[in-house]
Every structure is written in C-alpha cells, then in structure tokens.
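K.L.:
The structure that follows is given in the form of structure tokens.
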Amino acid sequence: MWENQTNGICGAAMRDILWLIVGTHTGHVSSSIESHDVEPVLGDEWEDVVEATFQTSGGRFNISDLTSDDQNLFELAGNTYRVRYSAKMMDEANTSGDESDEYLLQLWPARPERDGVVRQTSDYALDFHRANRQVEPDDEDLQREAAHLTRRQQSDDMLRFGTTDPGDRLRSVEVYLGELRQLDEPLMFATSNLSDREQRAIAYWVSMRALQATGIVEHPALEPAVRSLRSGAPIPPDFGDDSCWYGLADLLPKTSIPRVLDAEETVVRETYAVLTIPAAAEPDSLTAALSATIRAILALGSPELEGLLLALREAFPQLNQG
C-alpha cells in the first residue's frame, strides 16, 4: 500500500485501490469525495493534508471500511489522477473516542509525480507517516517533522514535569509519575540526579520499607527476594516482573486502604508492597527507584506517607541536595 511513498495516511501504491487512515477507531466518520477537472484550492480548515498519484482502470469505485458492506459509489474514467486526502481533528478522535474527525478526498487528472505531505498538524498522522513511509522524505518534510516532534516533546514534558526541564535521563523513564510529582516533586528530580548505584539502593530500601510496614517481610514465600533486598544482591528471576504477585496472592493477607490522592478508590496494600520487588528489579536503575517509591507510597497510604518520605531522605541525605 505504501511502496515508494513518504506519506503514511493515504496509500496509493496499488492500482485502483486507496488505503485511507482515519482517527476514529470504531464508529462513523464524516467524509466527502470530490472530482475536479483541475487542481482545487486547498482549504485552510484542513489540518493534515497529503497528496499522491492514483492510477485507475476506470469504472465504479466504492469507499468503505474493512468490515462494512455499505455502498458509497462514485465513478472515474480510466486515467491517472492526483489525489489529495485532507483531514482534521484526527488526534481528538483518536484520544477521546469521539467521532469528531472529518475527511475530504479530492481527485483531478494529472501526470504521475511523487507523493508528499502537504500539511502536518496531528501527532496521529505524523506517527503513521513515520511508520508507513517507504521513501525518505525531502528536507522540507524532515524540517517540518522535526519541528513537530520538538513541539510534541515540549507538550509531553509540560504534562509530566511542569515547567522544570527533566533532562534526558528522567524524560526517558516510562513510569506514570503522577503520585510522586504531586506528593514530592523535588524528590523525583533529586532521584534522577543520583548515580545508578544510589538509585538502585533507593529502590531496594523502599521495597524493604513497604514489606516491613505491611507486615509481610518475614513471610516464607518472600524469603528469596527479601534476602536479596537485604544484601543488595540481584533479585531472583521469580520476582523479576509483576506476574510474581499471582503466585503469592492466595498466600498473603489482603488489607484494603484508601488510595493516596484518591480516597474514593481503594487498593490492597500487600499487593503494592509485593510489587515493589519487581519494580526494584527493573533493569534501568532510575525506573527501579521511582517505580518502587511510587508503589511503596501506595502500599503505605496517607497515614504513613510523611514518615516514609522523611525516612527516605534521612537514609539518603543526597536527596536533599540541589
């Protein structure tokens, strides 16, 4: 569908077939088709626009989704066309689930020429351009793409870290940091500035703290992991990912407490205490420290939260620097 193309939302590599990407995952979209004798004016309302060459044998064509039997017929003479695919609100449709996106397909007779991205606005379209392209874009496309990625990174940073520059190390951590940022943002940034060895030590420390606070640190089923946490040795593979909880769920007590920052929801504190262990085993030391800390916060809950964060800073005074 995308052979010899740089755009990734209108596949025109096969004769008589156009493959069109939309933002709505499941539902209906608003779309229109226009046939012109000459190139039409591009409207300002369209956010994402691509063009490609469309080779046809002529006859009746149908536009539909992969599962629909709906007939939306239009006719084209056997010819070579330029096709312009215009879209708006693709991001909104993709992220909200609302059927808010709109599309316009325009065709006019034209000689074959390279496809291209005419206008780039949404993250959704950009991701498909980058995933489906078979030919390297030109310099103008690359500059537009780089500018878009920079804007997207800045927007993501604002949502995750506020106005403080997180730096590449913290930015790369793929952990939801919401609770820690709201409860102790300086701790999050301070942890990211420590060495790998110090970050790993924090991960082990908070895991032990959570297991002790929930009263399960001496449980026989946890003994291999606890031994490693105490000695600083690598955590056994059986405790290396979150699935370890399934084998322990029936062996350990279950105490429900209000979730930190959301008292209407409850969590099982022993679950989160156990899950600090695979968090501490994460290959990346900063991910391990932050993930284990967040899970320990959830395991201890609001009554013990202040004591946890105070004790953590006492155990690692370097967290108070900067």
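The chains in the structure tokens are called A, B, ... from first to last as shown; in each chain the residues are counted from 1, and the ligands are counted from 1 in the order shown.
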I'd like the contact shell of region 99-109 of chain A - 7 Å cut-off, only C-alpha atoms, skipping same-chain residues fewer than 6 positions apart - returned as JSON, numbers by chain.
P.N.:
{"A": [23, 24, 27, 28, 29, 30, 31, 32, 33, 34, 35, 36, 37, 38, 39, 79, 80, 81, 82, 83, 84, 85, 86, 87, 88, 89, 90, 92, 93]}
K.L.:
Please produce an output containing N, CA and C atoms for each residue in the selection, written as a PDB file, in the first residue's frame.
P.N.:
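The resulting part-v1.pdb:
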ATOM      1  N   GLY A  23      -8.813   8.773  12.156  1.00  0.00           N
ATOM      2  CA  GLY A  23      -8.517   8.826  13.586  1.00  0.00           C
ATOM      3  C   GLY A  23      -9.471   8.012  14.427  1.00  0.00           C
ATOM      4  N   THR A  24     -10.739   7.949  14.059  1.00  0.00           N
ATOM      5  CA  THR A  24     -11.732   7.184  14.806  1.00  0.00           C
ATOM      6  C   THR A  24     -11.432   5.691  14.701  1.00  0.00           C
ATOM      7  N   GLY A  27     -16.474   3.326  14.765  1.00  0.00           N
ATOM      8  CA  GLY A  27     -17.585   4.251  14.647  1.00  0.00           C
ATOM      9  C   GLY A  27     -17.689   4.806  13.240  1.00  0.00           C
ATOM     10  N   HIS A  28     -18.374   5.912  13.103  1.00  0.00           N
ATOM     11  CA  HIS A  28     -18.573   6.544  11.817  1.00  0.00           C
ATOM     12  C   HIS A  28     -17.724   7.811  11.699  1.00  0.00           C
ATOM     13  N   VAL A  29     -17.303   8.113  10.501  1.00  0.00           N
ATOM     14  CA  VAL A  29     -16.563   9.352  10.252  1.00  0.00           C
ATOM     15  C   VAL A  29     -17.261  10.125   9.142  1.00  0.00           C
ATOM     16  N   SER A  30     -17.084  11.427   9.210  1.00  0.00           N
ATOM     17  CA  SER A  30     -17.647  12.295   8.183  1.00  0.00           C
ATOM     18  C   SER A  30     -16.631  12.440   7.060  1.00  0.00           C
ATOM     19  N   SER A  31     -17.032  12.059   5.835  1.00  0.00           N
ATOM     20  CA  SER A  31     -16.104  12.113   4.711  1.00  0.00           C
ATOM     21  C   SER A  31     -16.828  12.551   3.450  1.00  0.00           C
ATOM     22  N   SER A  32     -16.080  13.203   2.559  1.00  0.00           N
ATOM     23  CA  SER A  32     -16.623  13.665   1.280  1.00  0.00           C
ATOM     24  C   SER A  32     -15.636  13.333   0.173  1.00  0.00           C
ATOM     25  N   ILE A  33     -16.174  13.154  -1.040  1.00  0.00           N
ATOM     26  CA  ILE A  33     -15.342  12.873  -2.212  1.00  0.00           C
ATOM     27  C   ILE A  33     -15.694  13.891  -3.291  1.00  0.00           C
ATOM     28  N   GLU A  34     -14.652  14.452  -3.903  1.00  0.00           N
ATOM     29  CA  GLU A  34     -14.858  15.433  -4.970  1.00  0.00           C
ATOM     30  C   GLU A  34     -13.986  15.081  -6.168  1.00  0.00           C
ATOM     31  N   SER A  35     -14.562  15.189  -7.358  1.00  0.00           N
ATOM     32  CA  SER A  35     -13.808  15.012  -8.598  1.00  0.00           C
ATOM     33  C   SER A  35     -13.717  16.363  -9.298  1.00  0.00           C
ATOM     34  N   HIS A  36     -12.496  16.734  -9.706  1.00  0.00           N
ATOM     35  CA  HIS A  36     -12.264  18.043 -10.310  1.00  0.00           C
ATOM     36  C   HIS A  36     -11.567  17.882 -11.655  1.00  0.00           C
ATOM     37  N   ASP A  37     -11.729  18.883 -12.494  1.00  0.00           N
ATOM     38  CA  ASP A  37     -11.023  18.906 -13.769  1.00  0.00           C
ATOM     39  C   ASP A  37      -9.595  19.410 -13.609  1.00  0.00           C
ATOM     40  N   VAL A  38      -9.396  20.304 -12.635  1.00  0.00           N
ATOM     41  CA  VAL A  38      -8.072  20.851 -12.358  1.00  0.00           C
ATOM     42  C   VAL A  38      -7.855  20.837 -10.849  1.00  0.00           C
ATOM     43  N   GLU A  39      -6.639  21.105 -10.429  1.00  0.00           N
ATOM     44  CA  GLU A  39      -6.321  21.085  -9.006  1.00  0.00           C
ATOM     45  C   GLU A  39      -7.180  22.088  -8.237  1.00  0.00           C
ATOM     46  N   ASN A  79      -7.731   6.663 -15.967  1.00  0.00           N
ATOM     47  CA  ASN A  79      -6.821   7.798 -16.079  1.00  0.00           C
ATOM     48  C   ASN A  79      -5.829   7.757 -14.934  1.00  0.00           C
ATOM     49  N   THR A  80      -4.927   8.709 -14.966  1.00  0.00           N
ATOM     50  CA  THR A  80      -4.009   8.927 -13.858  1.00  0.00           C
ATOM     51  C   THR A  80      -4.447  10.196 -13.136  1.00  0.00           C
ATOM     52  N   TYR A  81      -4.674  10.079 -11.843  1.00  0.00           N
ATOM     53  CA  TYR A  81      -5.183  11.191 -11.065  1.00  0.00           C
ATOM     54  C   TYR A  81      -4.176  11.592  -9.988  1.00  0.00           C
ATOM     55  N   ARG A  82      -4.282  12.847  -9.611  1.00  0.00           N
ATOM     56  CA  ARG A  82      -3.667  13.297  -8.373  1.00  0.00           C
ATOM     57  C   ARG A  82      -4.766  13.231  -7.320  1.00  0.00           C
ATOM     58  N   VAL A  83      -4.475  12.608  -6.187  1.00  0.00           N
ATOM     59  CA  VAL A  83      -5.443  12.509  -5.123  1.00  0.00           C
ATOM     60  C   VAL A  83      -4.928  13.301  -3.924  1.00  0.00           C
ATOM     61  N   ARG A  84      -5.802  14.091  -3.359  1.00  0.00           N
ATOM     62  CA  ARG A  84      -5.482  14.861  -2.152  1.00  0.00           C
ATOM     63  C   ARG A  84      -6.397  14.373  -1.029  1.00  0.00           C
ATOM     64  N   TYR A  85      -5.765  13.973   0.050  1.00  0.00           N
ATOM     65  CA  TYR A  85      -6.513  13.475   1.208  1.00  0.00           C
ATOM     66  C   TYR A  85      -6.313  14.466   2.344  1.00  0.00           C
ATOM     67  N   SER A  86      -7.406  15.098   2.761  1.00  0.00           N
ATOM     68  CA  SER A  86      -7.359  16.132   3.791  1.00  0.00           C
ATOM     69  C   SER A  86      -8.120  15.659   5.025  1.00  0.00           C
ATOM     70  N   ALA A  87      -7.601  16.008   6.197  1.00  0.00           N
ATOM     71  CA  ALA A  87      -8.209  15.550   7.449  1.00  0.00           C
ATOM     72  C   ALA A  87      -8.132  16.644   8.499  1.00  0.00           C
ATOM     73  N   LYS A  88      -9.043  16.568   9.452  1.00  0.00           N
ATOM     74  CA  LYS A  88      -8.957  17.439  10.624  1.00  0.00           C
ATOM     75  C   LYS A  88      -9.469  16.701  11.855  1.00  0.00           C
ATOM     76  N   MET A  89      -8.898  17.066  12.996  1.00  0.00           N
ATOM     77  CA  MET A  89      -9.261  16.528  14.310  1.00  0.00           C
ATOM     78  C   MET A  89      -8.980  15.031  14.440  1.00  0.00           C
ATOM     79  N   MET A  90      -7.902  14.583  13.832  1.00  0.00           N
ATOM     80  CA  MET A  90      -7.527  13.170  13.969  1.00  0.00           C
ATOM     81  C   MET A  90      -7.085  12.845  15.392  1.00  0.00           C
ATOM     82  N   GLU A  92      -7.987  14.334  18.198  1.00  0.00           N
ATOM     83  CA  GLU A  92      -9.138  14.353  19.090  1.00  0.00           C
ATOM     84  C   GLU A  92      -9.942  13.061  18.972  1.00  0.00           C
ATOM     85  N   ALA A  93     -10.147  12.594  17.748  1.00  0.00           N
ATOM     86  CA  ALA A  93     -10.907  11.362  17.548  1.00  0.00           C
ATOM     87  C   ALA A  93     -10.161  10.156  18.111  1.00  0.00           C
TER      88      ALA A  93
END
K.L.:
Could you write out, as a PyMOL selection string, all the residues of region 43-257 of chain A that DSSP marks as alpha helix (DSSP H)?
P.N.:
chain A and resi 90-96+123-132+139-161+167-171+178-192+196-213+223-231+244-248
K.L.:
Write out as number ranges by chain the residues lying within 9 Å of region 216-228 of chain A, counting only C-alpha atoms and excluding same-chain residues fewer than 2 positions away.
P.N.:
A: 204, 208-214, 230-236, 238-239, 248, 251-253, 270, 273-274, 277
K.L.:
Neighbours of Ala289 (chain A) within 9 Å (only C-alpha atoms; same-chain residues fewer than 5 positions away dropped), as a list in words?
P.N.:
Thr191, Ser192, Glu198, Gln199, Arg200, Ala201, Ile202, Ala203, Tyr204, Val206, Ala279, Ala280, Glu282, Asp284 and Ile294 of chain A
K.L.:
May I have the residues from that selection written out with N, CA and C atoms, as a compact mmCIF listing (two decimals), in the first residue's frame?
P.N.:
# COMPACT_ATOMS: atom_id res chain seq x y z
N THR A 191 16.16 12.34 42.76
CA THR A 191 16.48 10.93 42.48
C THR A 191 17.10 10.78 41.10
N SER A 192 16.60 11.54 40.14
CA SER A 192 17.11 11.42 38.76
C SER A 192 18.55 11.89 38.64
N GLU A 198 23.29 4.54 43.55
CA GLU A 198 22.43 5.17 44.55
C GLU A 198 20.95 4.95 44.22
N GLN A 199 20.60 5.03 42.97
CA GLN A 199 19.21 4.79 42.58
C GLN A 199 18.78 3.37 42.89
N ARG A 200 19.66 2.42 42.61
CA ARG A 200 19.33 1.02 42.91
C ARG A 200 19.19 0.83 44.41
N ALA A 201 20.03 1.46 45.19
CA ALA A 201 19.94 1.35 46.65
C ALA A 201 18.61 1.92 47.15
N ILE A 202 18.15 3.00 46.57
CA ILE A 202 16.86 3.57 46.95
C ILE A 202 15.74 2.57 46.64
N ALA A 203 15.80 1.97 45.46
CA ALA A 203 14.77 1.00 45.08
C ALA A 203 14.70 -0.14 46.09
N TYR A 204 15.84 -0.67 46.49
CA TYR A 204 15.86 -1.76 47.46
C TYR A 204 15.35 -1.28 48.82
N VAL A 206 13.25 1.25 49.63
CA VAL A 206 11.81 1.49 49.71
C VAL A 206 11.02 0.18 49.60
N ALA A 279 9.56 -3.98 40.82
CA ALA A 279 9.94 -2.60 40.48
C ALA A 279 11.42 -2.38 40.76
N ALA A 280 11.88 -2.86 41.91
CA ALA A 280 13.29 -2.71 42.28
C ALA A 280 14.20 -3.50 41.36
N GLU A 282 13.84 -3.67 38.10
CA GLU A 282 13.86 -3.08 36.76
C GLU A 282 15.30 -2.90 36.27
N ASP A 284 16.66 -0.66 34.37
CA ASP A 284 17.09 0.72 34.47
C ASP A 284 16.98 1.17 35.93
N ILE A 294 6.97 4.87 44.18
CA ILE A 294 5.54 5.11 43.96
C ILE A 294 4.72 3.95 44.51
K.L.:
Could you pull out the strand (DSSP E) residues of region 88-318 of chain A, going by DSSP on the backbone, and write them as a list of chain:residue names?
P.N.:
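Selecting the strand (DSSP E) positions of region 88-318 of chain A gives A:Lys88, A:Glu102, A:Tyr103, A:Leu104, A:Leu105, A:Gln106, A:Leu107, A:Trp108, A:Pro109, A:Gly116, A:Val117, A:Val118, A:Arg119, A:Ser256, A:Ile257, A:Pro258, A:Arg259, A:Asp262, A:Ala263, A:Glu264, A:Glu265, A:Thr266, A:Val267, A:Val268.
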K.L.:
Restricting it to N, CA and C atoms, dump the selection as a PDB file, in the first residue's frame.
P.N.:
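Generated file (selection.pdb):
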ATOM      1  N   LYS A  88      -9.043  16.568   9.452  1.00  0.00           N
ATOM      2  CA  LYS A  88      -8.957  17.439  10.624  1.00  0.00           C
ATOM      3  C   LYS A  88      -9.469  16.701  11.855  1.00  0.00           C
ATOM      4  N   GLU A 102     -12.944  14.652  10.469  1.00  0.00           N
ATOM      5  CA  GLU A 102     -13.577  14.824   9.164  1.00  0.00           C
ATOM      6  C   GLU A 102     -12.528  14.663   8.068  1.00  0.00           C
ATOM      7  N   TYR A 103     -12.999  14.227   6.873  1.00  0.00           N
ATOM      8  CA  TYR A 103     -12.070  13.918   5.780  1.00  0.00           C
ATOM      9  C   TYR A 103     -12.647  14.377   4.444  1.00  0.00           C
ATOM     10  N   LEU A 104     -11.733  14.752   3.561  1.00  0.00           N
ATOM     11  CA  LEU A 104     -12.109  15.144   2.200  1.00  0.00           C
ATOM     12  C   LEU A 104     -11.128  14.497   1.234  1.00  0.00           C
ATOM     13  N   LEU A 105     -11.658  13.751   0.271  1.00  0.00           N
ATOM     14  CA  LEU A 105     -10.854  13.121  -0.776  1.00  0.00           C
ATOM     15  C   LEU A 105     -11.144  13.853  -2.095  1.00  0.00           C
ATOM     16  N   GLN A 106     -10.113  14.423  -2.671  1.00  0.00           N
ATOM     17  CA  GLN A 106     -10.261  15.167  -3.924  1.00  0.00           C
ATOM     18  C   GLN A 106      -9.377  14.537  -5.000  1.00  0.00           C
ATOM     19  N   LEU A 107      -9.909  14.410  -6.217  1.00  0.00           N
ATOM     20  CA  LEU A 107      -9.166  13.816  -7.325  1.00  0.00           C
ATOM     21  C   LEU A 107      -9.278  14.715  -8.548  1.00  0.00           C
ATOM     22  N   TRP A 108      -8.179  14.812  -9.310  1.00  0.00           N
ATOM     23  CA  TRP A 108      -8.187  15.535 -10.571  1.00  0.00           C
ATOM     24  C   TRP A 108      -7.141  14.912 -11.485  1.00  0.00           C
ATOM     25  N   PRO A 109      -7.366  14.937 -12.798  1.00  0.00           N
ATOM     26  CA  PRO A 109      -6.393  14.346 -13.735  1.00  0.00           C
ATOM     27  C   PRO A 109      -5.046  15.055 -13.637  1.00  0.00           C
ATOM     28  N   GLY A 116       3.523  13.264  -1.332  1.00  0.00           N
ATOM     29  CA  GLY A 116       4.124  14.125  -0.325  1.00  0.00           C
ATOM     30  C   GLY A 116       3.152  14.546   0.754  1.00  0.00           C
ATOM     31  N   VAL A 117       3.708  15.029   1.846  1.00  0.00           N
ATOM     32  CA  VAL A 117       2.934  15.596   2.943  1.00  0.00           C
ATOM     33  C   VAL A 117       2.834  17.089   2.701  1.00  0.00           C
ATOM     34  N   VAL A 118       1.632  17.576   2.487  1.00  0.00           N
ATOM     35  CA  VAL A 118       1.408  18.992   2.202  1.00  0.00           C
ATOM     36  C   VAL A 118       1.266  19.792   3.491  1.00  0.00           C
ATOM     37  N   ARG A 119       0.574  19.216   4.453  1.00  0.00           N
ATOM     38  CA  ARG A 119       0.345  19.904   5.725  1.00  0.00           C
ATOM     39  C   ARG A 119       0.384  18.879   6.847  1.00  0.00           C
ATOM     40  N   SER A 256      -7.367  -3.632  52.487  1.00  0.00           N
ATOM     41  CA  SER A 256      -7.745  -2.528  51.617  1.00  0.00           C
ATOM     42  C   SER A 256      -7.609  -1.200  52.348  1.00  0.00           C
ATOM     43  N   ILE A 257      -7.017  -0.226  51.686  1.00  0.00           N
ATOM     44  CA  ILE A 257      -6.874   1.127  52.247  1.00  0.00           C
ATOM     45  C   ILE A 257      -7.226   2.128  51.163  1.00  0.00           C
ATOM     46  N   PRO A 258      -7.587   3.368  51.536  1.00  0.00           N
ATOM     47  CA  PRO A 258      -7.852   4.391  50.520  1.00  0.00           C
ATOM     48  C   PRO A 258      -6.600   4.666  49.699  1.00  0.00           C
ATOM     49  N   ARG A 259      -6.783   4.857  48.416  1.00  0.00           N
ATOM     50  CA  ARG A 259      -5.656   5.161  47.547  1.00  0.00           C
ATOM     51  C   ARG A 259      -5.170   6.576  47.812  1.00  0.00           C
ATOM     52  N   ASP A 262      -6.634   9.764  46.085  1.00  0.00           N
ATOM     53  CA  ASP A 262      -7.946   9.414  45.528  1.00  0.00           C
ATOM     54  C   ASP A 262      -8.661   8.518  46.527  1.00  0.00           C
ATOM     55  N   ALA A 263      -9.203   9.131  47.577  1.00  0.00           N
ATOM     56  CA  ALA A 263      -9.768   8.378  48.693  1.00  0.00           C
ATOM     57  C   ALA A 263     -11.000   7.582  48.298  1.00  0.00           C
ATOM     58  N   GLU A 264     -11.609   7.911  47.152  1.00  0.00           N
ATOM     59  CA  GLU A 264     -12.789   7.162  46.725  1.00  0.00           C
ATOM     60  C   GLU A 264     -12.420   5.781  46.179  1.00  0.00           C
ATOM     61  N   GLU A 265     -11.140   5.591  45.878  1.00  0.00           N
ATOM     62  CA  GLU A 265     -10.671   4.300  45.380  1.00  0.00           C
ATOM     63  C   GLU A 265      -9.869   3.614  46.474  1.00  0.00           C
ATOM     64  N   THR A 266      -9.936   2.299  46.523  1.00  0.00           N
ATOM     65  CA  THR A 266      -9.137   1.547  47.490  1.00  0.00           C
ATOM     66  C   THR A 266      -8.111   0.685  46.768  1.00  0.00           C
ATOM     67  N   VAL A 267      -7.042   0.376  47.481  1.00  0.00           N
ATOM     68  CA  VAL A 267      -6.007  -0.518  46.967  1.00  0.00           C
ATOM     69  C   VAL A 267      -5.699  -1.545  48.041  1.00  0.00           C
ATOM     70  N   VAL A 268      -5.167  -2.673  47.630  1.00  0.00           N
ATOM     71  CA  VAL A 268      -4.707  -3.700  48.576  1.00  0.00           C
ATOM     72  C   VAL A 268      -3.239  -3.429  48.855  1.00  0.00           C
TER      73      VAL A 268
END
K.L.:
So that I can check the surroundings of Leu312 (chain A), please list as a PyMOL selection string every protein, DNA and RNA residue that reaches within 10 Å of it, counting only C-alpha atoms and ignoring chain neighbours fewer than 5 positions away.
P.N.:
chain A and resi 187+202+205-206+209+293+306-307+317+319
K.L.:
Next, the residues of the selection above should be written as a PDB file, in the first residue's frame with C-alpha atoms.
P.N.:
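Output file part_37.pdb is given in full below:
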ATOM      1  CA  LEU A 187      12.297  14.064  45.401  1.00  0.00           C
ATOM      2  CA  ILE A 202      16.859   3.570  46.954  1.00  0.00           C
ATOM      3  CA  TRP A 205      15.369   0.438  50.523  1.00  0.00           C
ATOM      4  CA  VAL A 206      11.808   1.494  49.713  1.00  0.00           C
ATOM      5  CA  ARG A 209      10.259  -0.418  53.893  1.00  0.00           C
ATOM      6  CA  THR A 293       8.948   4.526  45.536  1.00  0.00           C
ATOM      7  CA  GLU A 306       5.036  11.517  55.625  1.00  0.00           C
ATOM      8  CA  GLY A 307       7.112   9.074  57.658  1.00  0.00           C
ATOM      9  CA  PRO A 317      20.778  12.633  52.550  1.00  0.00           C
ATOM     10  CA  LEU A 319      18.283  13.587  48.083  1.00  0.00           C
TER      11      LEU A 319
END
K.L.:
How many Å lie between CA of Asn7 (chain A) and CA of Asp157 (chain A), rounded to one decimal?
P.N.:
27.2 Å
K.L.:
Go through A:Ser243, A:Ile17, A:Thr271, A:Asn4 one by one, measure the shortest atom-to-atom distance of each to Pro137 (chain A) using only C-alpha atoms, and give the residue with the smallest value.
P.N.:
A:Asn4
K.L.:
Name the closest residue to Ala296 (chain A) among the candidates A:Phe316, A:Tyr272, A:Phe74, A:Trp2; distances are taken between atoms, counting only C-alpha atoms.
P.N.:
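Closest to Ala296 (chain A) of all the choices is A:Tyr272.
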